[in-house]
file start-v4.tsv (TSV, C-alpha atoms and all ligand atoms)
chain	number	residue	atom	x	y	z
D	1	ALA	CA	-15.22	-29.96	13.39
D	2	ALA	CA	-15.90	-27.33	15.98
D	3	ILE	CA	-18.58	-24.91	14.85
D	4	GLU	CA	-18.15	-22.54	17.79
D	5	PHE	CA	-15.86	-19.79	16.67
D	6	GLY	CA	-17.32	-17.16	18.98
D	7	LEU	CA	-17.53	-14.56	16.24
D	8	ASP	CA	-20.13	-12.06	15.26
D	9	ALA	CA	-19.39	-12.31	11.55
D	10	PRO	CA	-21.71	-11.85	8.56
D	11	TYR	CA	-21.19	-15.53	7.62
D	12	THR	CA	-21.44	-18.68	9.73
D	13	VAL	CA	-17.94	-19.90	10.56
D	14	GLU	CA	-17.01	-23.59	10.61
D	15	TYR	CA	-13.60	-24.11	12.18
D	16	HIS	CA	-11.22	-27.07	11.76
D	17	ASP	CA	-7.78	-27.68	13.23
D	18	SER	CA	-6.62	-29.45	10.08
D	19	VAL	CA	-8.11	-30.17	6.64
D	20	ASP	CA	-6.69	-31.02	3.23
D	21	SER	CA	-8.03	-27.81	1.73
D	22	THR	CA	-10.68	-25.45	3.05
D	23	ASN	CA	-11.85	-25.06	-0.56
D	24	ASN	CA	-12.43	-28.84	-0.75
D	25	ARG	CA	-14.29	-28.87	2.54
D	26	ALA	CA	-16.35	-25.87	1.43
D	27	ARG	CA	-17.18	-27.64	-1.84
D	28	GLU	CA	-18.55	-30.63	0.11
D	29	ARG	CA	-20.65	-28.28	2.21
D	30	ALA	CA	-21.84	-26.37	-0.86
D	31	THR	CA	-23.00	-29.53	-2.60
D	32	GLU	CA	-25.02	-30.29	0.56
D	33	GLY	CA	-26.74	-26.92	0.11
D	34	THR	CA	-24.84	-24.86	2.65
D	35	VAL	CA	-24.35	-21.17	1.82
D	36	ASP	CA	-23.09	-18.01	3.54
D	37	THR	CA	-20.64	-20.10	5.50
D	38	ALA	CA	-16.90	-19.72	5.89
D	39	VAL	CA	-14.74	-22.82	6.41
D	40	VAL	CA	-11.63	-21.88	8.39
D	41	ALA	CA	-8.69	-24.11	9.31
D	42	ASP	CA	-5.50	-23.75	11.31
D	43	GLU	CA	-3.54	-25.81	8.80
D	44	GLN	CA	-4.14	-27.36	5.38
D	45	LEU	CA	-2.30	-30.43	4.20
D	46	GLY	CA	-3.36	-30.34	0.55
D	47	SER	CA	-3.95	-26.69	-0.12
D	48	ARG	CA	-4.32	-25.45	-3.68
D	49	GLY	CA	-3.37	-22.25	-5.45
D	50	ARG	CA	-4.35	-20.72	-8.77
D	51	LEU	CA	-3.33	-22.31	-12.06
D	52	ASP	CA	-2.95	-25.78	-10.52
D	53	ARG	CA	-0.18	-24.68	-8.20
D	54	SER	CA	0.20	-25.91	-4.67
D	55	TRP	CA	-0.05	-23.50	-1.75
D	56	THR	CA	1.86	-23.96	1.48
D	57	ALA	CA	-0.49	-23.61	4.44
D	58	PRO	CA	1.12	-24.46	7.78
D	59	SER	CA	-0.41	-23.84	11.19
D	60	GLY	CA	-0.64	-20.13	12.02
D	61	GLY	CA	-2.12	-18.81	8.78
D	62	VAL	CA	-5.58	-17.56	7.98
D	63	TRP	CA	-7.00	-20.22	5.64
D	64	CYS	CA	-10.59	-19.45	4.85
D	65	SER	CA	-13.10	-20.46	2.15
D	66	VAL	CA	-16.41	-18.66	1.93
D	67	ILE	CA	-19.42	-20.35	0.31
D	68	LEU	CA	-21.61	-17.84	-1.50
D	69	GLN	CA	-24.63	-18.07	-3.75
D	70	PRO	CA	-24.67	-14.77	-5.60
D	71	ASP	CA	-27.40	-14.14	-8.12
D	72	LEU	CA	-24.94	-13.78	-10.98
D	73	PRO	CA	-24.10	-15.31	-14.32
D	74	PRO	CA	-20.79	-17.25	-14.20
D	75	ALA	CA	-19.21	-14.65	-16.50
D	76	HIS	CA	-19.43	-12.05	-13.73
D	77	VAL	CA	-17.62	-14.15	-11.10
D	78	PRO	CA	-14.26	-12.41	-11.71
D	79	LEU	CA	-15.73	-9.30	-10.09
D	80	VAL	CA	-16.31	-11.31	-6.90
D	81	SER	CA	-12.66	-12.43	-6.97
D	82	LEU	CA	-11.50	-8.83	-7.28
D	83	ALA	CA	-13.83	-7.90	-4.42
D	84	ALA	CA	-12.22	-10.63	-2.32
D	85	GLY	CA	-8.80	-9.20	-3.16
D	86	VAL	CA	-9.89	-5.75	-2.02
D	87	ALA	CA	-11.36	-7.19	1.18
D	88	THR	CA	-8.18	-9.13	1.91
D	89	ALA	CA	-5.92	-6.15	1.22
D	90	THR	CA	-8.14	-4.04	3.48
D	91	ALA	CA	-7.82	-6.52	6.35
D	92	CYS	CA	-4.05	-6.74	5.83
D	93	ARG	CA	-3.74	-2.94	5.90
D	94	GLU	CA	-5.69	-2.87	9.15
D	95	ALA	CA	-3.12	-5.35	10.46
D	96	GLY	CA	-0.41	-2.79	9.74
D	97	VAL	CA	1.11	-3.65	6.37
D	98	ASP	CA	1.15	-1.60	3.18
D	99	ALA	CA	-0.66	-4.18	1.06
D	100	HIS	CA	-1.29	-3.79	-2.67
D	101	LEU	CA	-3.04	-5.87	-5.29
D	102	LYS	CA	-1.38	-7.42	-8.28
D	103	TRP	CA	-3.90	-8.37	-10.95
D	104	PRO	CA	-6.05	-10.27	-10.54
D	105	ASN	CA	-5.91	-10.62	-6.78
D	106	ASP	CA	-2.51	-11.36	-5.31
D	107	VAL	CA	-1.90	-9.37	-2.15
D	108	LEU	CA	1.66	-8.09	-2.14
D	109	VAL	CA	3.90	-6.01	0.05
D	110	GLY	CA	6.80	-3.94	-1.27
D	111	ASP	CA	7.75	-3.65	-4.93
D	112	GLY	CA	10.17	-6.46	-5.70
D	113	GLY	CA	10.73	-6.48	-9.46
D	114	GLU	CA	9.07	-9.13	-11.59
D	115	ARG	CA	7.06	-10.65	-8.82
D	116	GLY	CA	5.72	-7.18	-8.07
D	117	GLY	CA	6.51	-7.58	-4.37
D	118	ARG	CA	6.52	-10.16	-1.63
D	119	LYS	CA	3.37	-12.29	-1.63
D	120	LEU	CA	1.34	-12.03	1.54
D	121	ALA	CA	-1.98	-13.53	0.47
D	122	GLY	CA	-3.73	-15.20	-2.44
D	123	ILE	CA	-7.24	-16.03	-3.56
D	124	LEU	CA	-8.63	-19.09	-5.31
D	125	THR	CA	-12.21	-18.78	-6.53
D	126	GLU	CA	-14.09	-21.87	-7.68
D	127	MET	CA	-17.67	-22.22	-8.84
D	128	GLU	CA	-20.34	-24.45	-10.20
D	129	GLY	CA	-23.18	-23.19	-12.29
D	130	GLU	CA	-25.41	-23.22	-15.32
D	131	ALA	CA	-24.83	-20.98	-18.31
D	132	ASP	CA	-26.82	-18.13	-16.83
D	133	ARG	CA	-26.59	-18.57	-13.08
D	134	VAL	CA	-24.02	-19.54	-10.46
D	135	SER	CA	-25.14	-22.46	-8.25
D	136	TRP	CA	-22.41	-21.88	-5.70
D	137	LEU	CA	-19.21	-19.99	-5.46
D	138	ILE	CA	-16.28	-20.65	-3.18
D	139	VAL	CA	-13.92	-17.81	-2.43
D	140	GLY	CA	-10.76	-19.29	-0.90
D	141	ILE	CA	-8.57	-16.76	0.86
D	142	GLY	CA	-5.13	-17.56	2.24
D	143	VAL	CA	-3.24	-15.01	4.33
D	144	ASN	CA	0.26	-15.82	5.58
D	145	ALA	CA	-0.24	-14.55	9.10
D	146	ASN	CA	1.52	-15.91	12.20
D	147	ILE	CA	4.14	-17.84	10.27
D	148	ASP	CA	7.90	-17.47	9.80
D	149	ALA	CA	8.66	-16.58	6.20
D	150	ALA	CA	11.29	-19.34	6.16
D	151	GLU	CA	8.46	-21.91	6.30
D	152	LEU	CA	7.10	-20.67	2.98
D	153	PRO	CA	8.31	-20.77	-0.63
D	154	GLU	CA	10.70	-18.10	-1.84
D	155	GLY	CA	9.03	-14.81	-2.66
D	156	ALA	CA	6.40	-15.19	0.06
D	157	THR	CA	6.11	-13.02	3.12
D	158	THR	CA	3.97	-13.09	6.25
D	159	LEU	CA	2.28	-10.61	8.56
D	160	ARG	CA	4.72	-11.74	11.24
D	161	ALA	CA	7.73	-11.06	9.01
D	162	GLU	CA	6.40	-7.65	7.96
D	163	THR	CA	5.23	-6.36	11.33
D	164	GLY	CA	7.33	-8.29	13.84
D	165	GLY	CA	4.18	-9.38	15.69
D	166	ASP	CA	1.32	-11.85	15.59
D	167	ILE	CA	-2.32	-11.07	14.98
D	168	ASP	CA	-5.43	-12.36	16.71
D	169	ARG	CA	-6.65	-14.64	13.94
D	170	ARG	CA	-10.24	-14.74	15.16
D	171	LEU	CA	-10.49	-10.97	14.97
D	172	PHE	CA	-8.73	-10.98	11.62
D	173	VAL	CA	-11.22	-13.50	10.20
D	174	GLN	CA	-14.07	-11.41	11.54
D	175	ARG	CA	-12.74	-8.22	9.89
D	176	LEU	CA	-11.97	-10.10	6.68
D	177	LEU	CA	-15.52	-11.47	6.46
D	178	GLU	CA	-17.04	-8.09	7.30
D	179	SER	CA	-14.90	-6.49	4.65
D	180	LEU	CA	-15.89	-9.11	2.06
D	181	HIS	CA	-19.53	-8.61	2.95
D	182	ASP	CA	-19.14	-4.81	2.54
D	183	GLN	CA	-17.50	-5.23	-0.87
D	184	LEU	CA	-20.23	-7.56	-2.12
D	185	ALA	CA	-22.93	-5.20	-0.85
D	186	ASP	CA	-21.60	-2.50	-3.20
D	187	PRO	CA	-20.55	-4.29	-6.39
D	188	ASP	CA	-20.63	-1.06	-8.43
D	189	GLY	CA	-17.73	0.31	-6.41
D	190	VAL	CA	-15.49	-2.77	-6.55
D	191	LEU	CA	-13.45	-1.77	-9.61
D	192	ASP	CA	-12.74	1.71	-8.22
D	193	ARG	CA	-11.62	0.27	-4.91
D	194	TRP	CA	-9.48	-2.30	-6.73
D	195	ARG	CA	-7.87	0.55	-8.74
D	196	MET	CA	-7.01	2.37	-5.50
D	197	TYR	CA	-5.19	-0.69	-4.13
D	198	SER	CA	-3.56	-1.77	-7.37
D	199	SER	CA	0.17	-1.86	-7.92
D	200	THR	CA	-0.36	-3.25	-11.44
D	201	LEU	CA	-1.92	-0.22	-13.15
D	202	GLY	CA	0.70	1.95	-14.82
D	203	GLN	CA	3.20	-0.91	-14.85
D	204	ALA	CA	4.85	-2.63	-17.76
D	205	VAL	CA	3.46	-6.17	-17.57
D	206	ARG	CA	3.81	-9.51	-19.21
D	207	VAL	CA	0.71	-11.71	-19.09
D	208	GLU	CA	0.94	-15.39	-19.92
D	209	LEU	CA	-2.24	-16.63	-21.49
D	210	PRO	CA	-2.89	-20.31	-22.24
D	211	ASN	CA	-1.74	-19.91	-25.85
D	212	ARG	CA	0.29	-16.71	-26.03
D	213	VAL	CA	2.04	-13.94	-24.13
D	214	ILE	CA	1.04	-10.27	-24.08
D	215	GLU	CA	3.38	-7.46	-23.08
D	216	GLY	CA	2.51	-3.81	-22.63
D	217	GLU	CA	1.38	-1.27	-20.09
D	218	ALA	CA	-1.45	-2.21	-17.74
D	219	VAL	CA	-3.82	0.73	-18.09
D	220	ASP	CA	-7.07	-0.31	-16.39
D	221	VAL	CA	-9.38	-3.02	-15.16
D	222	GLN	CA	-12.80	-3.32	-16.70
D	223	PHE	CA	-16.02	-5.11	-15.85
D	224	PRO	CA	-16.21	-7.95	-14.96
D	225	GLY	CA	-12.52	-8.01	-14.02
D	226	GLY	CA	-10.35	-8.06	-17.12
D	227	LEU	CA	-6.99	-6.31	-17.25
D	228	VAL	CA	-6.66	-3.76	-20.06
D	229	VAL	CA	-3.16	-3.84	-21.56
D	230	ASP	CA	-1.89	-1.24	-24.03
D	231	THR	CA	0.50	-3.24	-26.20
D	232	GLY	CA	1.65	-0.26	-28.27
D	233	SER	CA	-0.38	-1.45	-31.22
D	234	GLY	CA	-3.74	-1.35	-29.50
D	235	ARG	CA	-5.53	-2.36	-26.33
D	236	GLU	CA	-6.19	-5.93	-25.32
D	237	VAL	CA	-8.30	-7.16	-22.45
D	238	VAL	CA	-7.06	-10.25	-20.65
D	239	HIS	CA	-9.44	-12.27	-18.52
D	240	ALA	CA	-7.23	-14.89	-16.95
D	241	GLY	CA	-3.61	-15.76	-16.72
D	242	ASP	CA	-0.48	-14.91	-14.86
D	243	CYS	CA	0.74	-11.34	-14.72
D	244	GLU	CA	4.34	-10.30	-14.14
D	245	HIS	CA	5.44	-6.75	-13.47
D	246	LEU	CA	8.40	-5.98	-15.73
D	247	ARG	CA	9.89	-3.05	-13.82
D	301	LIG	C1	-2.93	-18.29	-5.23
D	301	LIG	O1	-2.40	-17.19	-5.02
D	301	LIG	O2	-2.47	-19.10	-6.05
D	301	LIG	C2	-4.19	-18.61	-4.48
D	301	LIG	C3	-3.93	-19.23	-3.14
D	301	LIG	C4	-5.20	-19.56	-2.40
D	301	LIG	C5	-4.97	-20.28	-1.10
D	301	LIG	C6	-6.22	-20.40	-0.28
D	301	LIG	S1	-5.91	-20.90	1.38
D	301	LIG	C7	-7.63	-21.18	1.63
D	301	LIG	C8	-8.15	-21.83	0.36
D	301	LIG	N1	-7.98	-23.27	0.37
D	301	LIG	C9	-7.15	-23.68	-0.60
D	301	LIG	O3	-6.83	-24.87	-0.82
D	301	LIG	N2	-6.70	-22.63	-1.30
D	301	LIG	C10	-7.26	-21.39	-0.82

call {"tool": "encode", "arguments": {"input": "start-v4.tsv", "output": "structure tokens"}}
result
Amino acid sequence: AAIEFGLDAPYTVEYHDSVDSTNNRARERATEGTVDTAVVADEQLGSRGRLDRSWTAPSGGVWCSVILQPDLPPAHVPLVSLAAGVATATACREAGVDAHLKWPNDVLVGDGGERGGRKLAGILTEMEGEADRVSWLIVGIGVNANIDAAELPEGATTLRAETGGDIDRRLFVQRLLESLHDQLADPDGVLDRWRMYSSTLGQAVRVELPNRVIEGEAVDVQFPGGLVVDTGSGREVVHAGDCEHLR
């Protein structure tokens, strides 16, 4: 583990050439009491995605897990995930792509049908806490950066594929962490900024919940991060699940 990342970022950065998952490494550090630290790796061999999916993380990506200790009840953690989505989309836009957010926090480019576009980045938030207070929170951010799209699963894209060039990953991590820090410093504005970046609002969507499926028009997001769906026979708020754009 090389700690020297040579960055002037709002969080301490711990860099690794290769780990199983930066979220796993961050969890170890969090249980030791480390906070305000970002674990970054060049490649991950056992990377994880949302909903128990795997995530392909070869060398060349931006694989980053930030350990935070916000003074929040666990129920408000979804707002931090949305904030991380906004921060990631912001950094991707600065890198020259027209990035949008698909609820809750997939970063997409283009508007490809059901998937809602080509997937450029994803976020996996994990926490431990008591009923009323988070002990630690890990915000895992994966951005497909200097990678050929052919190395990734179908439906994924990369900054390289979209722009034809490679980014300076150290600078990207710095901007990403600054952007995350800015979002978390102004939690009251997170939902409005999410709305500005969203490609989900106004769309016909299908959301798979653990025990049922909801279809309707996505009309808003509401605190602390639920998607408001107008089903035609009323409004429902969904708090977790997988969202597909239907047109
Ligand atoms: C998703 O869209 O399903 C979320 C993907 C999250 C991937 C990132 S890469 C850094 C961090 N470490 C992991 O194992 N996963 C997250």

call {"tool": "closest_residue", "arguments": {"input": "start-v4.tsv", "among": "D:Glu128, D:Asp182, D:Glu32, D:Glu43", "to": "Asp17 of chain D", "atoms": "only C-alpha atoms"}}
result
D:Glu43

call {"tool": "residues_near_point", "arguments": {"input": "start-v4.tsv", "point": "(-9.4, -3.8, -10.9)", "cutoff": "7 Å", "atoms": "all atoms listed in the file", "output": "CSV table (one decimal) with C-alpha atoms, in the frame of the given file"}}
result
chain,number,residue,atom,x,y,z
D,82,LEU,CA,-11.5,-8.8,-7.3
D,191,LEU,CA,-13.4,-1.8,-9.6
D,192,ASP,CA,-12.7,1.7,-8.2
D,194,TRP,CA,-9.5,-2.3,-6.7
D,195,ARG,CA,-7.9,0.6,-8.7
D,220,ASP,CA,-7.1,-0.3,-16.4
D,221,VAL,CA,-9.4,-3.0,-15.2
D,222,GLN,CA,-12.8,-3.3,-16.7
D,225,GLY,CA,-12.5,-8.0,-14.0

call {"tool": "closest_residue", "arguments": {"input": "start-v4.tsv", "among": "D:Val228, D:Leu201, D:Leu124, D:Ala30", "to": "Ile141 of chain D", "atoms": "all atoms listed in the file"}}
result
D:Leu124

call {"tool": "residues_near_ligand", "arguments": {"input": "start-v4.tsv", "ligand": "ligand LIG 301 (chain D)", "cutoff": "6 Å", "atoms": "only C-alpha atoms and all ligand atoms", "output": "list in words"}}
result
Ser21, Thr22, Asn23, Ser47, Arg48, Gly49, Arg50, Trp55, Trp63, Cys64, Ser65, Asp106, Gly122, Ile123, Leu124, Gly140, Ile141 and Gly142 of chain D

call {"tool": "atom_distance", "arguments": {"input": "start-v4.tsv", "atom1": "atom CA of Arg25 of chain D", "atom2": "atom CA of Val40 of chain D"}}
result
9.5 Å

call {"tool": "closest_residue", "arguments": {"input": "start-v4.tsv", "among": "D:Gln183, D:Asn105, D:Asn144, D:Ser54", "to": "Asp42 of chain D", "atoms": "only C-alpha atoms"}}
result
D:Asn144

call {"tool": "residues_around", "arguments": {"input": "start-v4.tsv", "residues": "Gly33 of chain D", "least_positions_apart": "3", "cutoff": "10 Å", "atoms": "only C-alpha atoms", "output": "list in words"}}
result
Arg27, Glu28, Arg29, Ala30, Ile67, Gln69, Ser135 and Trp136 of chain D

call {"tool": "atom_distance", "arguments": {"input": "start-v4.tsv", "atom1": "atom CA of Ala161 of chain D", "atom2": "atom CA of Arg118 of chain D"}}
result
10.7 Å

call {"tool": "closest_residue", "arguments": {"input": "start-v4.tsv", "among": "D:Ala38, D:Val134, D:Gly165, D:Arg175", "to": "Pro73 of chain D", "atoms": "only C-alpha atoms"}}
result
D:Val134

call {"tool": "residues_around", "arguments": {"input": "start-v4.tsv", "residues": "Val39 of chain D", "least_positions_apart": "2", "cutoff": "7 Å", "atoms": "only C-alpha atoms", "output": "PyMOL selection string"}}
result
chain D and resi 13-15+22+26+37+41+64-66

call {"tool": "residues_around", "arguments": {"input": "start-v4.tsv", "residues": "Glu208 of chain D", "least_positions_apart": "5", "cutoff": "7 Å", "atoms": "only C-alpha atoms", "output": "compact mmCIF listing (two decimals) with C-alpha atoms, keeping the file's coordinate frame"}}
result
# COMPACT_ATOMS: atom_id res chain seq x y z
CA VAL D 213 2.04 -13.94 -24.13
CA ILE D 214 1.04 -10.27 -24.08
CA GLY D 241 -3.61 -15.76 -16.72
CA ASP D 242 -0.48 -14.91 -14.86
CA CYS D 243 0.74 -11.34 -14.72

call {"tool": "atom_distance", "arguments": {"input": "start-v4.tsv", "atom1": "atom CA of Val97 of chain D", "atom2": "atom CA of Leu159 of chain D"}}
result
7.4 Å

call {"tool": "residues_around", "arguments": {"input": "start-v4.tsv", "residues": "Val229 of chain D", "least_positions_apart": "6", "cutoff": "9 Å", "atoms": "only C-alpha atoms", "output": "JSON, numbers by chain"}}
result
{"D": [204, 205, 214, 215, 216, 217, 218, 219, 220, 221, 235, 236, 237, 238]}

call {"tool": "write_last_selection", "arguments": {"input": "start-v4.tsv", "atoms": "C-alpha atoms", "output": "PDB file, keeping the file's coordinate frame"}}
result
ATOM      1  CA  ALA D 204       4.850  -2.630 -17.760  1.00  0.00           C
ATOM      2  CA  VAL D 205       3.460  -6.170 -17.570  1.00  0.00           C
ATOM      3  CA  ILE D 214       1.040 -10.270 -24.080  1.00  0.00           C
ATOM      4  CA  GLU D 215       3.380  -7.460 -23.080  1.00  0.00           C
ATOM      5  CA  GLY D 216       2.510  -3.810 -22.630  1.00  0.00           C
ATOM      6  CA  GLU D 217       1.380  -1.270 -20.090  1.00  0.00           C
ATOM      7  CA  ALA D 218      -1.450  -2.210 -17.740  1.00  0.00           C
ATOM      8  CA  VAL D 219      -3.820   0.730 -18.090  1.00  0.00           C
ATOM      9  CA  ASP D 220      -7.070  -0.310 -16.390  1.00  0.00           C
ATOM     10  CA  VAL D 221      -9.380  -3.020 -15.160  1.00  0.00           C
ATOM     11  CA  ARG D 235      -5.530  -2.360 -26.330  1.00  0.00           C
ATOM     12  CA  GLU D 236      -6.190  -5.930 -25.320  1.00  0.00           C
ATOM     13  CA  VAL D 237      -8.300  -7.160 -22.450  1.00  0.00           C
ATOM     14  CA  VAL D 238      -7.060 -10.250 -20.650  1.00  0.00           C
TER      15      VAL D 238
END

call {"tool": "residues_around", "arguments": {"input": "start-v4.tsv", "residues": "Leu177 of chain D", "least_positions_apart": "4", "cutoff": "8 Å", "atoms": "only C-alpha atoms", "output": "number ranges by chain"}}
result
D: 9-11, 87, 173, 181

call {"tool": "residues_near_point", "arguments": {"input": "start-v4.tsv", "point": "(-8.1, -4.8, 5.6)", "cutoff": "12 Å", "atoms": "only C-alpha atoms", "output": "PDB file with C-alpha atoms, in the coordinates of the input"}}
result
ATOM      1  CA  ALA D  83     -13.830  -7.900  -4.420  1.00  0.00           C
ATOM      2  CA  ALA D  84     -12.220 -10.630  -2.320  1.00  0.00           C
ATOM      3  CA  GLY D  85      -8.800  -9.200  -3.160  1.00  0.00           C
ATOM      4  CA  VAL D  86      -9.890  -5.750  -2.020  1.00  0.00           C
ATOM      5  CA  ALA D  87     -11.360  -7.190   1.180  1.00  0.00           C
ATOM      6  CA  THR D  88      -8.180  -9.130   1.910  1.00  0.00           C
ATOM      7  CA  ALA D  89      -5.920  -6.150   1.220  1.00  0.00           C
ATOM      8  CA  THR D  90      -8.140  -4.040   3.480  1.00  0.00           C
ATOM      9  CA  ALA D  91      -7.820  -6.520   6.350  1.00  0.00           C
ATOM     10  CA  CYS D  92      -4.050  -6.740   5.830  1.00  0.00           C
ATOM     11  CA  ARG D  93      -3.740  -2.940   5.900  1.00  0.00           C
ATOM     12  CA  GLU D  94      -5.690  -2.870   9.150  1.00  0.00           C
ATOM     13  CA  ALA D  95      -3.120  -5.350  10.460  1.00  0.00           C
ATOM     14  CA  GLY D  96      -0.410  -2.790   9.740  1.00  0.00           C
ATOM     15  CA  VAL D  97       1.110  -3.650   6.370  1.00  0.00           C
ATOM     16  CA  ASP D  98       1.150  -1.600   3.180  1.00  0.00           C
ATOM     17  CA  ALA D  99      -0.660  -4.180   1.060  1.00  0.00           C
ATOM     18  CA  HIS D 100      -1.290  -3.790  -2.670  1.00  0.00           C
ATOM     19  CA  VAL D 107      -1.900  -9.370  -2.150  1.00  0.00           C
ATOM     20  CA  ALA D 121      -1.980 -13.530   0.470  1.00  0.00           C
ATOM     21  CA  VAL D 143      -3.240 -15.010   4.330  1.00  0.00           C
ATOM     22  CA  LEU D 171     -10.490 -10.970  14.970  1.00  0.00           C
ATOM     23  CA  PHE D 172      -8.730 -10.980  11.620  1.00  0.00           C
ATOM     24  CA  VAL D 173     -11.220 -13.500  10.200  1.00  0.00           C
ATOM     25  CA  GLN D 174     -14.070 -11.410  11.540  1.00  0.00           C
ATOM     26  CA  ARG D 175     -12.740  -8.220   9.890  1.00  0.00           C
ATOM     27  CA  LEU D 176     -11.970 -10.100   6.680  1.00  0.00           C
ATOM     28  CA  LEU D 177     -15.520 -11.470   6.460  1.00  0.00           C
ATOM     29  CA  GLU D 178     -17.040  -8.090   7.300  1.00  0.00           C
ATOM     30  CA  SER D 179     -14.900  -6.490   4.650  1.00  0.00           C
ATOM     31  CA  LEU D 180     -15.890  -9.110   2.060  1.00  0.00           C
ATOM     32  CA  ASP D 182     -19.140  -4.810   2.540  1.00  0.00           C
ATOM     33  CA  GLN D 183     -17.500  -5.230  -0.870  1.00  0.00           C
ATOM     34  CA  TYR D 197      -5.190  -0.690  -4.130  1.00  0.00           C
TER      35      TYR D 197
END
